[in-house]
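J.: Here you go, one structure.
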Amino acid sequence: MRDVSEKHAADDKVAVVIVAAGRGARAGQANGPKQYQQIGGGAVIARTLDAFLTHPKIGPVVVAIHADDGALFRRAAGANADRVVAVTGGTSRQESVRLGLLALRSHAPARVLIHDAARPFVDAELIDRTIAAIGERQGALPALPVADTLKRETAVGMIGETVSRAGLYAAQTPQGFPFWPILAAHEKAHHLGKADFTDDAAIAEWAHIPVKIVPGSPDNVKLTWARDIAMADQRLSSAPRFPDIRTGNGYDVHAFEPGDHVTLCGVAIPHGKKLSGHSDADVGLHALTDALLATCGAGDIGTHFPPSDPQWKGAASRIFVEHAAKLVRERGGRIANADITLICEAPRVGPHREAMTEALSAMLRISRDRISIKATTNEKLGFVGREEGIAAIATASVVFPGDVPE
């Protein structure tokens, strides 16, 4: 286990354990366990994962799944499967949480949220409230005051008494805790053979970890029965969905220096000069990298590949484009179009356009008809007109999963 002092950089991020190892028999098994059933065109667990992976305060995410569900989980999670750590859960929820917490030890997070995969309607505000209430020795429990009148049943099925609702709450998840105390509590319960806790707040209570109640959300329902799945599907399917189409722009320029070829859009073109740069100075791919990163707010090319780093000296710029495309896909994006305009007096681009298009198709994993490469001169004006360098402008269009309005 790594020492906590090595992980100060991760302290501002909150780790998450998502419990998804149950069989969900009460929801019916015709379409698989409930966390993999479809609501609104996607799996329950996919929606749950998205709520945490898109939250800016969330760091490492561990998902505890059933030993038989590896392939099922990857299909349901899609691109997000590569953004989380999947571990084999236990025979009970309590054991699955413990195993998930153990998988986080090397990250040494200061705080952790524990959430049921079958609560797909958790929202950012609820996550924020829970995180804000976690202290060094204090947990946080989102909960709703009990609204229904409560009755206690007798042994013969009759009403024995009416129970006061005062001070009674219905617990939800995510439940938040300081990481090391809740892990220690789970480990202690495990070693003592205490396996009857129904949630993590109960374990915290047993371990004398105070837990603060924060307002829950009436929308944050747990899908338990087949009817719950059907109602969740109806809720999402009937709501209008709006496509999330983002466009990013990039611009780059490199000066000429003595040489015998230039590399443009991944293709080496014989020329009496070459472009000056720390990498191969592929001005077209550099502009495209920035355009792709812009669609998911991931900074610019210098953020990921600083020119001060010697490992990128002379590097092929396709590395930069493929990295940016990977980040887009990890965030659920699908590249719809890439458009590059090369601005130069020479060399001629037309004879090499097909090879450039083919190279970009491989880098971006999109069809050739979604790629446009154009060239224009600067009409002998400016540094380009004086043949002192080449400039490039790139535009990328990316489609992200649509949002359901509140």
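Following the order of the structure tokens, first chain is A, next is B, and so on, with residues numbered from 1 inside each chain and ligands from 1 in the order they appear.
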With a distance cut-off of 9 Å and only C-alpha atoms, select the neighbouring residues of Gln175 (chain A), excluding the residue or stretch itself and same-chain residues fewer than 3 positions from it, and output the selection as a list in words.
T.: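 Residues meeting the cut-off are Val112, Leu113, Ile114, His115, Thr130, Ile131, Gly139, Ala140, Leu141, Pro142, Ala171, Gln172, Asp199, Asp200 and Ala201 of chain A.
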J.: Please report, as a Markdown table, each residue of region 209-271 of chain A lying at most 7 Å from region 32-52 of chain A, together with the nearest pair of atoms and the separation in Å rounded to one decimal; use only C-alpha atoms, and order rows by chain and ascending residue number.
T.:
```
| residue | atom | partner | partner_atom | distance |
| --- | --- | --- | --- | --- |
| A:Ile229 | CA | A:Ile39 | CA | 6.9 |
| A:Ala232 | CA | A:Ile39 | CA | 6.0 |
| A:Asp233 | CA | A:Ile39 | CA | 4.0 |
| A:Leu236 | CA | A:Gly40 | CA | 4.7 |
| A:Ser237 | CA | A:Gly40 | CA | 4.7 |
```
J.: Hey, which of A:Ala81, A:Ala230, A:Leu126, A:Ala155 ends up closest to Ile213 (chain A)? Count only C-alpha atoms.
T.: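 Residue with the minimum atom-to-atom distance to Ile213 (chain A): A:Leu126.
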J.: Work out how far CA of Arg119 (chain A) is from CA of Phe400 (chain A), in Å to one decimal.
T.: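 If I compute the distance from CA of Phe400 (chain A) to CA of Arg119 (chain A), I get 22.5 Å.
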J.: Can you pull out the residues contacting region 272-289 of chain A? Cut-off 7 Å, using only C-alpha atoms, and skip same-chain residues under 4 positions away; I want them as a PyMOL selection string.
T.: chain A and resi 250-265+293+301+307+312-318+320-321+324+340+342+391-395
J.: Using DSSP on the backbone coordinates, identify all residues within region 79-269 of chain A classified as strand (DSSP E or B); present the result as number ranges by chain.
T.: A: 85-88, 111-116, 135, 138-145, 150-153, 159-163, 169-171, 175-178, 211-215, 242-258, 261-264, 267-269
J.: Restricting the calculation to only C-alpha atoms, which member of A:Pro243, A:Gly248, A:Gly333, A:Gly157 is positioned closest to Ala291 (chain A)?
T.: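 Checking each candidate against Ala291 (chain A), we get A:Gly248 as the closest.
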J.: Just the residues within 8 Å of Ile373 (chain A), please, counting only C-alpha atoms, with nothing from its chain fewer than 5 positions along; format it as a VMD selection string.
T.: chain A and resid 339 to 342 353 356 to 357
J.: Can you write just those residues out, N, CA and C atoms, as a PDB file, in the first residue's frame?
T.:
```pdb
ATOM      1  N   ASP A 339     -12.059  18.940 -40.521  1.00  0.00           N
ATOM      2  CA  ASP A 339     -11.824  19.806 -41.673  1.00  0.00           C
ATOM      3  C   ASP A 339     -10.533  20.587 -41.444  1.00  0.00           C
ATOM      4  N   ILE A 340      -9.565  20.458 -42.366  1.00  0.00           N
ATOM      5  CA  ILE A 340      -8.276  21.129 -42.232  1.00  0.00           C
ATOM      6  C   ILE A 340      -8.017  21.976 -43.477  1.00  0.00           C
ATOM      7  N   THR A 341      -7.635  23.214 -43.249  1.00  0.00           N
ATOM      8  CA  THR A 341      -7.210  24.085 -44.342  1.00  0.00           C
ATOM      9  C   THR A 341      -5.734  24.411 -44.150  1.00  0.00           C
ATOM     10  N   LEU A 342      -4.919  24.059 -45.142  1.00  0.00           N
ATOM     11  CA  LEU A 342      -3.490  24.358 -45.134  1.00  0.00           C
ATOM     12  C   LEU A 342      -3.252  25.633 -45.938  1.00  0.00           C
ATOM     13  N   ARG A 353      -3.489  14.828 -51.362  1.00  0.00           N
ATOM     14  CA  ARG A 353      -4.716  14.886 -50.567  1.00  0.00           C
ATOM     15  C   ARG A 353      -5.254  13.504 -50.239  1.00  0.00           C
ATOM     16  N   MET A 356      -3.235  11.942 -47.474  1.00  0.00           N
ATOM     17  CA  MET A 356      -3.528  12.627 -46.213  1.00  0.00           C
ATOM     18  C   MET A 356      -4.866  12.168 -45.630  1.00  0.00           C
ATOM     19  N   THR A 357      -5.852  12.082 -46.500  1.00  0.00           N
ATOM     20  CA  THR A 357      -7.182  11.645 -46.056  1.00  0.00           C
ATOM     21  C   THR A 357      -7.127  10.235 -45.491  1.00  0.00           C
TER      22      THR A 357
END
```
J.: Nearest to Thr54 (chain A): which of A:Val163, A:Leu104, A:Cys296, A:Met363 is it, counting only C-alpha atoms?
T.: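 So, comparing all the options, the nearest one is A:Cys296.
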